[in-house]
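Peer 1: My structure file my_file01.txt, compact mmCIF, C-alpha atoms, is below:
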```
# COMPACT_ATOMS: atom_id res chain seq x y z
CA MET E 17 10.71 22.93 -36.60
CA ASN E 18 8.59 23.20 -39.72
CA GLU E 19 4.94 23.99 -38.96
CA ARG E 20 3.56 22.29 -42.06
CA ILE E 21 5.24 19.01 -41.19
CA ARG E 22 4.03 19.26 -37.63
CA THR E 23 0.45 19.86 -38.73
CA HIS E 24 0.66 17.02 -41.21
CA ILE E 25 1.94 14.56 -38.61
CA GLU E 26 -0.57 15.75 -35.98
CA HIS E 27 -3.24 15.01 -38.54
CA LEU E 28 -1.88 11.50 -39.19
CA PHE E 29 -1.95 10.79 -35.46
CA GLU E 30 -5.49 12.07 -34.98
CA ASN E 31 -6.87 8.60 -34.31
CA ALA E 32 -3.86 7.34 -32.42
CA PRO E 33 -4.42 6.03 -28.89
CA GLU E 34 -3.47 8.50 -26.15
CA THR E 35 -0.58 6.48 -24.89
CA ARG E 36 3.02 7.20 -24.10
CA LYS E 37 4.16 4.88 -26.85
CA ALA E 38 2.11 6.71 -29.46
CA LEU E 39 3.36 10.09 -28.27
CA GLU E 40 6.94 8.88 -28.39
CA LEU E 41 6.43 7.55 -31.87
CA LYS E 42 5.04 10.91 -32.96
CA ASP E 43 8.03 12.71 -31.46
CA GLU E 44 10.39 10.34 -33.20
CA LEU E 45 8.65 10.77 -36.53
CA LEU E 46 8.61 14.57 -36.11
CA GLY E 47 12.32 14.64 -35.36
CA ASN E 48 13.29 12.48 -38.29
CA CYS E 49 10.99 14.24 -40.77
CA ASN E 50 12.35 17.61 -39.73
CA SER E 51 15.95 16.46 -40.17
CA LYS E 52 15.06 15.23 -43.61
CA TYR E 53 13.28 18.47 -44.48
CA ASP E 54 16.22 20.56 -43.27
CA ASP E 55 18.62 18.48 -45.35
CA LEU E 56 16.46 18.91 -48.45
CA ILE E 57 16.29 22.67 -47.93
CA ALA E 58 20.06 22.78 -47.44
CA GLU E 59 20.47 20.98 -50.76
CA GLY E 60 18.50 23.80 -52.37
CA THR E 61 15.12 22.08 -52.75
CA ASP E 62 12.08 24.32 -53.03
CA PRO E 63 10.22 24.34 -49.66
CA ASP E 64 6.98 23.10 -51.25
CA ASP E 65 8.76 20.23 -52.95
CA ALA E 66 10.65 19.43 -49.80
CA PHE E 67 7.40 19.18 -47.86
CA ARG E 68 5.88 16.93 -50.52
CA ILE E 69 8.90 14.64 -50.53
CA VAL E 70 8.87 14.36 -46.74
CA ALA E 71 5.11 13.75 -46.60
CA ALA E 72 5.34 11.08 -49.29
CA SER E 73 8.18 9.29 -47.51
CA ILE E 74 6.12 8.71 -44.38
CA GLY E 75 3.98 6.01 -45.96
CA ASP E 76 1.06 4.26 -44.35
CA VAL E 77 0.94 4.91 -40.61
CA ASP E 78 -2.28 2.95 -40.02
CA ASP E 79 -0.41 -0.34 -39.63
CA LEU E 80 1.95 1.32 -37.25
CA LEU E 81 -0.91 2.66 -35.14
CA ALA E 82 -2.63 -0.72 -35.17
CA GLN E 83 0.61 -2.20 -33.85
CA LEU E 84 0.49 0.28 -30.95
CA LYS E 85 -3.01 -0.78 -29.99
CA THR E 86 -2.14 -4.42 -29.50
CA ASN E 87 -0.65 -4.71 -26.05
CA PRO E 88 1.63 -7.49 -25.02
CA SER E 89 -0.67 -9.82 -23.11
CA ILE E 90 -0.61 -9.57 -19.35
CA ASN E 91 0.11 -12.80 -17.62
CA PHE E 92 -3.21 -13.54 -15.99
CA GLN E 93 -2.38 -17.12 -15.07
CA GLU E 94 0.62 -16.04 -13.06
CA ARG E 95 -1.54 -13.48 -11.28
CA GLU E 96 -4.20 -15.99 -10.38
CA LYS E 97 -1.63 -18.40 -9.02
CA ARG E 98 -0.19 -15.71 -6.78
CA GLN E 99 -3.62 -14.73 -5.55
CA LEU E 100 -4.33 -18.32 -4.54
CA GLN E 101 -1.00 -18.51 -2.72
CA ARG E 102 -1.84 -15.35 -0.84
CA ALA E 103 -5.27 -16.61 0.14
CA ILE E 104 -3.79 -19.84 1.54
CA LEU E 105 -1.03 -18.03 3.43
CA THR E 106 -3.43 -15.52 4.93
CA SER E 107 -5.84 -18.23 6.06
CA ILE E 108 -3.08 -20.24 7.71
CA ALA E 109 -1.77 -17.12 9.42
CA ILE E 110 -5.17 -16.27 10.84
CA GLY E 111 -5.61 -19.86 11.96
CA LEU E 112 -2.31 -19.64 13.79
CA TYR E 113 -3.37 -16.43 15.52
CA ILE E 114 -6.57 -18.08 16.72
CA LEU E 115 -4.80 -21.24 17.87
CA SER E 116 -1.84 -19.48 19.47
CA PRO E 117 -3.25 -19.36 23.06
CA ILE E 118 -3.60 -23.17 23.03
CA GLY E 119 -0.20 -23.50 24.69
CA LEU E 120 -1.46 -21.55 27.65
CA PHE E 121 -4.28 -24.01 28.25
CA VAL E 122 -2.31 -27.20 27.69
CA LEU E 123 1.06 -26.27 29.16
CA HIS E 124 1.11 -23.84 32.00
CA GLY E 125 3.77 -21.25 32.62
CA THR E 126 6.51 -19.91 30.44
CA VAL E 127 6.52 -22.72 27.87
CA GLY E 128 2.89 -22.09 26.97
CA LEU E 129 3.55 -18.40 26.67
CA CYS E 130 6.54 -19.03 24.45
CA ILE E 131 4.44 -21.20 22.17
CA LEU E 132 1.93 -18.40 21.91
CA PHE E 133 4.53 -15.90 20.81
CA VAL E 134 6.26 -18.28 18.43
CA MET E 135 2.95 -19.00 16.72
CA ALA E 136 2.07 -15.32 16.55
CA ALA E 137 5.47 -14.53 15.10
CA ALA E 138 5.11 -17.26 12.47
CA ALA E 139 1.67 -15.96 11.50
CA THR E 140 2.98 -12.41 11.17
CA MET E 141 5.85 -13.61 9.01
CA MET E 142 3.38 -15.33 6.74
CA LEU E 143 1.38 -12.15 6.36
CA VAL E 144 4.51 -10.19 5.54
CA PHE E 145 5.56 -12.78 3.00
CA SER E 146 2.18 -12.80 1.35
CA SER E 147 2.18 -9.03 1.03
CA MET E 148 5.61 -9.21 -0.62
CA ILE E 149 4.66 -11.80 -3.24
CA MET E 150 1.57 -9.86 -4.25
CA PRO E 151 1.88 -9.32 -7.98
CA LYS E 152 2.67 -5.75 -8.84
CA TYR E 153 -0.06 -3.87 -10.55
CA LEU E 154 0.68 -4.28 -14.23
CA ARG E 155 -0.30 -1.46 -16.46
CA GLU E 156 -2.94 -2.46 -18.93
CA ASP E 157 -1.80 0.18 -21.32
CA ASP E 158 0.30 3.27 -21.26
CA THR E 159 -2.31 5.86 -20.36
CA MET E 160 -1.88 8.29 -17.50
CA VAL E 161 -4.64 6.61 -15.51
CA GLU E 162 -2.80 3.31 -15.58
CA GLU E 163 0.41 5.03 -14.61
CA PHE E 164 -1.36 6.53 -11.61
CA LYS E 165 -2.78 3.15 -10.58
CA GLU E 166 0.68 1.65 -10.76
CA TRP E 167 2.10 4.42 -8.62
CA LYS E 168 -0.68 4.04 -6.05
CA ASP E 169 -0.15 0.30 -5.92
CA HIS E 170 3.56 0.84 -5.40
CA LYS E 171 2.87 3.21 -2.52
CA ASN E 172 0.42 0.81 -0.85
CA ARG E 173 2.93 -1.99 -1.04
CA LYS E 174 5.52 0.11 0.69
CA THR E 175 3.30 1.10 3.60
CA GLY E 176 2.20 -2.54 3.84
CA ILE E 177 5.77 -3.73 4.28
CA ARG E 178 6.41 -0.99 6.81
CA LYS E 179 3.39 -1.95 8.91
CA SER E 180 4.42 -5.59 8.85
CA ILE E 181 7.94 -4.78 9.98
CA SER E 182 6.51 -2.73 12.81
CA SER E 183 4.27 -5.56 14.00
CA ILE E 184 7.15 -8.04 13.87
CA LEU E 185 9.26 -5.63 15.87
CA TRP E 186 6.71 -5.26 18.66
CA ILE E 187 5.99 -8.96 18.92
CA SER E 188 9.73 -9.67 19.13
CA VAL E 189 10.17 -7.00 21.78
CA THR E 190 7.39 -8.55 23.85
CA ILE E 191 8.88 -12.04 23.50
CA VAL E 192 12.31 -10.84 24.52
CA TYR E 193 10.83 -8.83 27.40
CA ILE E 194 8.93 -11.80 28.81
CA LEU E 195 11.82 -14.21 28.35
CA VAL E 196 14.42 -11.91 29.84
CA SER E 197 12.13 -10.99 32.73
CA PHE E 198 11.29 -14.59 33.60
CA LEU E 199 14.89 -15.70 33.30
CA THR E 200 16.45 -12.85 35.27
CA GLY E 201 13.51 -11.95 37.43
CA ARG E 202 14.46 -8.31 37.22
CA TRP E 203 11.07 -6.92 36.29
CA GLU E 204 11.94 -3.50 37.65
CA ILE E 205 14.43 -2.81 34.86
CA THR E 206 13.41 -4.98 31.88
CA TRP E 207 10.58 -2.63 30.82
CA ILE E 208 13.31 -0.52 29.24
CA LEU E 209 13.16 -2.96 26.32
CA PHE E 210 9.95 -1.25 25.20
CA LEU E 211 11.77 2.07 25.01
CA ILE E 212 14.42 0.40 22.88
CA GLY E 213 11.63 -0.99 20.69
CA GLY E 214 10.26 2.51 20.18
CA LEU E 215 13.73 3.71 19.28
CA CYS E 216 14.08 0.92 16.70
CA GLU E 217 10.75 1.80 15.13
CA GLY E 218 11.81 5.43 14.82
CA LEU E 219 15.05 4.38 13.14
CA ILE E 220 13.19 2.08 10.72
CA ASN E 221 10.87 4.93 9.77
CA ILE E 222 13.81 7.21 9.14
CA TYR E 223 15.43 4.54 7.00
CA PHE E 224 12.31 4.22 4.82
CA GLU E 225 11.97 7.98 4.47
CA MET E 226 15.60 8.37 3.48
CA ARG E 227 15.48 5.53 1.00
CA ASP E 228 12.47 7.04 -0.76
CA LYS E 229 14.29 10.27 -1.43
CA MET C 299 10.95 -2.07 -59.35
CA SER C 300 7.86 -3.20 -57.41
CA ILE C 301 9.02 -6.82 -57.33
CA THR C 302 12.45 -5.76 -56.09
CA ALA C 303 10.85 -3.64 -53.39
CA ASP C 304 8.75 -6.58 -52.25
CA MET C 305 11.78 -8.82 -52.03
CA LEU C 306 13.78 -6.17 -50.25
CA ARG C 307 11.01 -5.61 -47.72
CA GLY C 308 11.44 -9.14 -46.46
CA HIS C 309 14.96 -8.20 -45.42
CA THR C 310 14.20 -4.89 -43.71
CA ASP C 311 15.14 -6.28 -40.31
CA THR C 312 18.52 -7.52 -41.49
CA ILE C 313 19.21 -4.24 -43.28
CA ILE C 314 18.52 -2.30 -40.08
CA LEU C 315 20.63 -4.69 -38.01
CA THR C 316 23.49 -4.23 -40.48
CA ARG C 317 23.53 -0.51 -39.78
CA LEU C 318 23.23 -0.96 -36.03
CA ILE C 319 25.99 -3.55 -35.85
CA GLN C 320 28.36 -0.79 -36.97
CA ARG C 321 27.08 1.86 -34.59
CA ASP C 322 24.02 3.19 -32.75
CA SER C 323 21.77 5.16 -35.03
CA TYR C 324 18.37 6.81 -35.44
CA GLY C 325 15.58 6.53 -38.00
CA TYR C 326 16.54 9.23 -40.45
CA GLU C 327 20.22 8.37 -40.38
CA ILE C 328 19.50 4.72 -41.12
CA ASN C 329 17.32 5.66 -44.07
CA LYS C 330 19.98 8.03 -45.38
CA TYR C 331 22.52 5.26 -45.06
CA ILE C 332 20.30 2.89 -47.05
CA GLN C 333 19.83 5.52 -49.74
CA GLU C 334 23.55 6.24 -49.99
CA LYS C 335 24.50 2.60 -50.04
CA THR C 336 22.08 1.87 -52.88
CA SER C 337 22.89 5.12 -54.73
CA GLY C 338 19.32 6.29 -54.17
CA ARG C 339 17.69 3.20 -55.63
CA TYR C 340 16.07 2.12 -52.39
CA GLU C 341 14.57 3.93 -49.45
CA LEU C 342 12.29 2.74 -46.66
CA LYS C 343 9.02 4.44 -45.84
CA GLU C 344 9.10 5.95 -42.37
CA ALA C 345 6.16 3.77 -41.35
CA THR C 346 7.94 0.60 -42.47
CA LEU C 347 11.05 1.65 -40.61
CA TYR C 348 9.25 2.32 -37.34
CA SER C 349 7.19 -0.82 -37.39
CA ALA C 350 10.44 -2.72 -37.93
CA PHE C 351 11.99 -0.90 -34.96
CA ARG C 352 9.06 -1.82 -32.73
CA ARG C 353 9.14 -5.42 -33.86
CA LEU C 354 12.90 -5.74 -33.37
CA GLU C 355 12.64 -4.12 -29.96
CA GLU C 356 9.88 -6.46 -28.87
CA LEU C 357 11.98 -9.41 -29.98
CA GLY C 358 14.88 -8.05 -27.95
CA LEU C 359 17.17 -7.68 -30.94
CA ILE C 360 17.60 -3.95 -30.47
CA SER C 361 17.17 -1.46 -27.65
CA SER C 362 16.42 2.25 -27.79
CA TYR C 363 17.21 5.41 -25.86
CA TRP C 364 16.54 9.12 -26.34
CA GLY C 365 19.51 11.20 -27.37
CA ASP C 366 20.40 14.38 -25.50
CA GLU C 367 20.57 16.86 -28.36
CA THR C 368 20.54 20.41 -27.08
CA THR C 369 19.50 21.82 -30.43
CA GLY C 370 16.86 20.60 -32.83
CA ALA C 371 14.40 17.75 -32.43
CA ARG C 372 14.66 14.88 -29.98
CA ARG C 373 16.18 11.77 -31.45
CA ARG C 374 15.51 8.22 -30.52
CA TYR C 375 18.61 6.12 -30.94
CA TYR C 376 18.69 2.39 -31.44
CA ALA C 377 21.42 0.01 -30.40
CA ILE C 378 21.88 -3.65 -31.30
CA THR C 379 21.75 -6.24 -28.52
CA LYS C 380 23.75 -9.44 -28.20
CA LEU C 381 20.71 -11.34 -29.43
CA GLY C 382 20.52 -8.94 -32.36
CA ARG C 383 24.09 -9.72 -33.39
CA THR C 384 23.34 -13.42 -33.40
CA ALA C 385 20.20 -12.80 -35.47
CA TYR C 386 22.18 -10.68 -37.93
CA HIS C 387 24.75 -13.41 -38.58
CA LYS C 388 22.05 -16.04 -38.84
CA ASN C 389 20.02 -13.96 -41.31
CA LYS C 390 23.10 -13.24 -43.38
CA GLU C 391 23.96 -16.93 -43.60
CA ASP C 392 20.39 -17.76 -44.56
CA TRP C 393 20.47 -15.16 -47.29
CA GLU C 394 23.78 -16.44 -48.69
CA GLU C 395 22.27 -19.88 -48.90
CA THR C 396 19.04 -18.67 -50.51
CA LYS C 397 21.02 -16.62 -53.01
CA GLU C 398 23.10 -19.63 -54.00
CA ILE C 399 20.04 -21.82 -54.47
CA ILE C 400 18.19 -19.24 -56.55
CA ASP C 401 21.31 -18.57 -58.64
CA GLN C 402 21.54 -22.28 -59.36
CA LEU C 403 17.85 -22.60 -60.14
CA ILE C 404 17.55 -19.69 -62.53
CA LYS C 405 20.73 -20.46 -64.42
CA GLU C 406 20.30 -21.93 -67.91
CA ASP C 407 21.73 -25.41 -68.07
CA GLU C 408 24.85 -25.85 -70.19
CA LYS C 409 24.31 -28.04 -73.17
```
Just dump the structure as C-alpha cells.
Peer 2:
Amino acid sequence: MNERIRTHIEHLFENAPETRKALELKDELLGNCNSKYDDLIAEGTDPDDAFRIVAASIGDVDDLLAQLKTNPSINFQEREKRQLQRAILTSIAIGLYILSPIGLFVLHGTVGLCILFVMAAAATMMLVFSSMIMPKYLREDDTMVEEFKEWKDHKNRKTGIRKSISSILWISVTIVYILVSFLTGRWEITWILFLIGGLCEGLINIYFEMRDK
Amino acid sequence: MSITADMLRGHTDTIILTRLIQRDSYGYEINKYIQEKTSGRYELKEATLYSAFRRLEELGLISSYWGDETTGARRRYYAITKLGRTAYHKNKEDWEETKEIIDQLIKEDEK
C-alpha cells in the first residue's frame, strides 16, 4: 500500500459524505490505484512518475461524489398509504373490543360469551396484521445513525409480533377453556388448559430466541 | 483525439458490459483490458469508470461483490446481470446501425 497514493485519495475524499457508499468507493479506488502503481513499478517506472501517472488517471471525482449525495428517493406515498391502513385497522379493532360485550347483554349464556371472544380475537388479529404491514424504517442515507435507527425499528417490530402472538394465545386458551368446560362440565380438570397455555408461550419464546441466533 | 474521446465516452457503458459479458472483473482490470485492446490509445479515467459502475448498478445491468483476496487491497468485482446482457446486445445493434448510417452519410457520392 503506497502512502502517497493513500494520502492523495484521502485528500480527494475530504468533502465526501460520511456514508458507507463513499467509504466503499474510496476503498475501491485505493485498491485499483495501488494495483496500477504496483504494475507501473514492476515495469520499471520511476516511483515519482508512477505516482504522477496514477494521480492523473483518477480524473475528476467531484461528479462522482455528487452522484453519491443524491439518494434514490424514498417512497413517501407508499408509506402514507400504509399509515392510513394502519390507522383504520387499529380503530376498527378498538371498536370491536369496546363492542365485544354486547353479546352478553343481548344473548344470555354461552352464545353471548362466544360472541365476545370471537370479536376480541378478530380485533387482536387486526392489531397483529397492522403491526406486520407497518412499513420498515427506510434508511434516509447510509450513515451509522440511520443504520442504528433501522436496527432499532427491526427490533421493535420483532417484539411487537411476539407480544401479539402471546395475546392471541391467551385469548384462544380462554375461549377453549370456557367452551370445553361448558360442554363437558368438568370444571375441576379443565383449568389445566392454562398450564398448557403457559407451556406454549415458553416454547414460542424459545423459538424466537433460537431463530434470532 | 478530443473528439474521439467524446464519442467514445458515449459508449462507456457498452464497453464495460463487453468486458463483463466475458467474465466478472474489477475496475483496474477493465481499464487495463481497454488499454490493451486499443493498443494504449484509449483509457478511462477512474472517476468516469466508477460513475459508470454506479449508474449501471442502479439500472440493474450489473451487480457487484467484494472479492476475498488474502493479500493486497480489497477488490470490488462486477458481474453482468441478465438485464445487462440484453442491454449489451441492444446497444451493439444500435451502434452497428449508427455506424452504417454515418458511413453512408460521410461517403463522397460516386459521379
Peer 1: Considering only C-alpha atoms, give me a table of residues in chain E that are at most 8 Å from chain C, with the closest atom pair and distance in Å for each, as a Markdown table.
Peer 2:
```
| residue | atom | partner | partner_atom | distance |
| --- | --- | --- | --- | --- |
| E:Met17 | CA | C:Gly370 | CA | 7.6 |
| E:Asp43 | CA | C:Arg372 | CA | 7.1 |
| E:Glu44 | CA | C:Arg374 | CA | 6.2 |
| E:Leu45 | CA | C:Glu344 | CA | 7.6 |
| E:Leu46 | CA | C:Ala371 | CA | 7.6 |
| E:Gly47 | CA | C:Ala371 | CA | 4.8 |
| E:Asn48 | CA | C:Tyr326 | CA | 5.1 |
| E:Cys49 | CA | C:Tyr326 | CA | 7.5 |
| E:Asn50 | CA | C:Ala371 | CA | 7.6 |
| E:Ser51 | CA | C:Tyr326 | CA | 7.3 |
| E:Lys52 | CA | C:Tyr326 | CA | 6.9 |
| E:Ser73 | CA | C:Lys343 | CA | 5.2 |
| E:Ile74 | CA | C:Glu344 | CA | 4.5 |
| E:Gly75 | CA | C:Lys343 | CA | 5.3 |
| E:Asp76 | CA | C:Ala345 | CA | 5.9 |
| E:Val77 | CA | C:Ala345 | CA | 5.4 |
| E:Asp79 | CA | C:Ser349 | CA | 7.9 |
| E:Leu80 | CA | C:Ser349 | CA | 5.7 |
| E:Gln83 | CA | C:Ser349 | CA | 7.6 |
```
Peer 1: Restricting it to C-alpha atoms, dump the selection as a short mmCIF file (atom, residue, chain, number, x, y, z; two decimals), in the frame of the given file.
Peer 2:
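Output (result-v8.cif):
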```cif
data_model
loop_
_atom_site.label_atom_id
_atom_site.label_comp_id
_atom_site.auth_asym_id
_atom_site.auth_seq_id
_atom_site.Cartn_x
_atom_site.Cartn_y
_atom_site.Cartn_z
CA MET E 17 10.71 22.93 -36.60
CA ASP E 43 8.03 12.71 -31.46
CA GLU E 44 10.39 10.34 -33.20
CA LEU E 45 8.65 10.77 -36.53
CA LEU E 46 8.61 14.57 -36.11
CA GLY E 47 12.32 14.64 -35.36
CA ASN E 48 13.29 12.48 -38.29
CA CYS E 49 10.99 14.24 -40.77
CA ASN E 50 12.35 17.61 -39.73
CA SER E 51 15.95 16.46 -40.17
CA LYS E 52 15.06 15.23 -43.61
CA SER E 73 8.18 9.29 -47.51
CA ILE E 74 6.12 8.71 -44.38
CA GLY E 75 3.98 6.01 -45.96
CA ASP E 76 1.06 4.26 -44.35
CA VAL E 77 0.94 4.91 -40.61
CA ASP E 79 -0.41 -0.34 -39.63
CA LEU E 80 1.95 1.32 -37.25
CA GLN E 83 0.61 -2.20 -33.85
#
```
Peer 1: Might you pull out every residue within 10 Å of region 220-227 of chain E, with all atoms listed in the file counted and same-chain residues fewer than 3 positions away left off, and present them as a PyMOL selection string?
Peer 2: chain E and resi 174-175+178+181-182+214-217
Peer 1: Mind pulling up the distance from CA of Lys165 (chain E) to CA of Phe351 (chain C)?
Peer 2: 28.8 Å
Peer 1: Taking 2 positions as the minimum chain separation for residues in the same chain, which residues sit within 12 Å of Gly176 (chain E) when counting all atoms listed in the file? Answer as a ChimeraX atom specification.
Peer 2: /E:143-150,169-174,178-183
Peer 1: Just C-alpha atoms for this one: save the residues we selected as a tab-separated table (two decimals), keeping the file's coordinate frame.
Peer 2:
```
chain	number	residue	atom	x	y	z
E	143	LEU	CA	1.38	-12.15	6.36
E	144	VAL	CA	4.51	-10.19	5.54
E	145	PHE	CA	5.56	-12.78	3.00
E	146	SER	CA	2.18	-12.80	1.35
E	147	SER	CA	2.18	-9.03	1.03
E	148	MET	CA	5.61	-9.21	-0.62
E	149	ILE	CA	4.66	-11.80	-3.24
E	150	MET	CA	1.57	-9.86	-4.25
E	169	ASP	CA	-0.15	0.30	-5.92
E	170	HIS	CA	3.56	0.84	-5.40
E	171	LYS	CA	2.87	3.21	-2.52
E	172	ASN	CA	0.42	0.81	-0.85
E	173	ARG	CA	2.93	-1.99	-1.04
E	174	LYS	CA	5.52	0.11	0.69
E	178	ARG	CA	6.41	-0.99	6.81
E	179	LYS	CA	3.39	-1.95	8.91
E	180	SER	CA	4.42	-5.59	8.85
E	181	ILE	CA	7.94	-4.78	9.98
E	182	SER	CA	6.51	-2.73	12.81
E	183	SER	CA	4.27	-5.56	14.00
```
Peer 1: Calculate how many Å separate CA of Tyr53 (chain E) from CA of Ile25 (chain E), rounding to one decimal.
Peer 2: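 Straight-line distance from CA of Tyr53 (chain E) to CA of Ile25 (chain E) works out to 13.4 Å.
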Peer 1: Report, in Å to a single decimal, how far apart CA of Asp401 (chain C) and CA of Arg317 (chain C) are.
Peer 2: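 Going from CA of Arg317 (chain C) over to CA of Asp401 (chain C), I get 26.2 Å.
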Peer 1: Skip Arg321 (chain C) itself and residues of its chain fewer than 4 positions away, then list as a ChimeraX atom specification all residues within 10 Å of it, counting only C-alpha atoms.
Peer 2: /C:315-317,376-378
Peer 1: Would you list the contacts of Ser107 (chain E) as a PDB file with C-alpha atoms, keeping the file's coordinate frame, taking every protein, DNA or RNA residue within 10 Å and counting only C-alpha atoms, but skipping same-chain residues closer than 5 positions in sequence?
Peer 2:
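Writing the result to selection.pdb gives the following:
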```
ATOM      1  CA  ARG E 102      -1.840 -15.350  -0.840  1.00  0.00           C
ATOM      2  CA  LEU E 112      -2.310 -19.640  13.790  1.00  0.00           C
ATOM      3  CA  TYR E 113      -3.370 -16.430  15.520  1.00  0.00           C
ATOM      4  CA  ALA E 139       1.670 -15.960  11.500  1.00  0.00           C
ATOM      5  CA  MET E 142       3.380 -15.330   6.740  1.00  0.00           C
ATOM      6  CA  LEU E 143       1.380 -12.150   6.360  1.00  0.00           C
TER       7      LEU E 143
END
```
Peer 1: Residues at most 12 Å from Ser116 (chain E), counting all atoms listed in the file, excluding those fewer than 4 positions away in the same chain, as a list in words?
Peer 2: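 My reading of the contact set: Ile108, Ala109, Ile110, Gly111, Leu112, Leu120, Phe121, Val122, Gly128, Leu129, Cys130, Ile131, Leu132, Phe133, Val134, Met135, Ala136, Ala137, Ala138, Ala139 and Thr140 of chain E.
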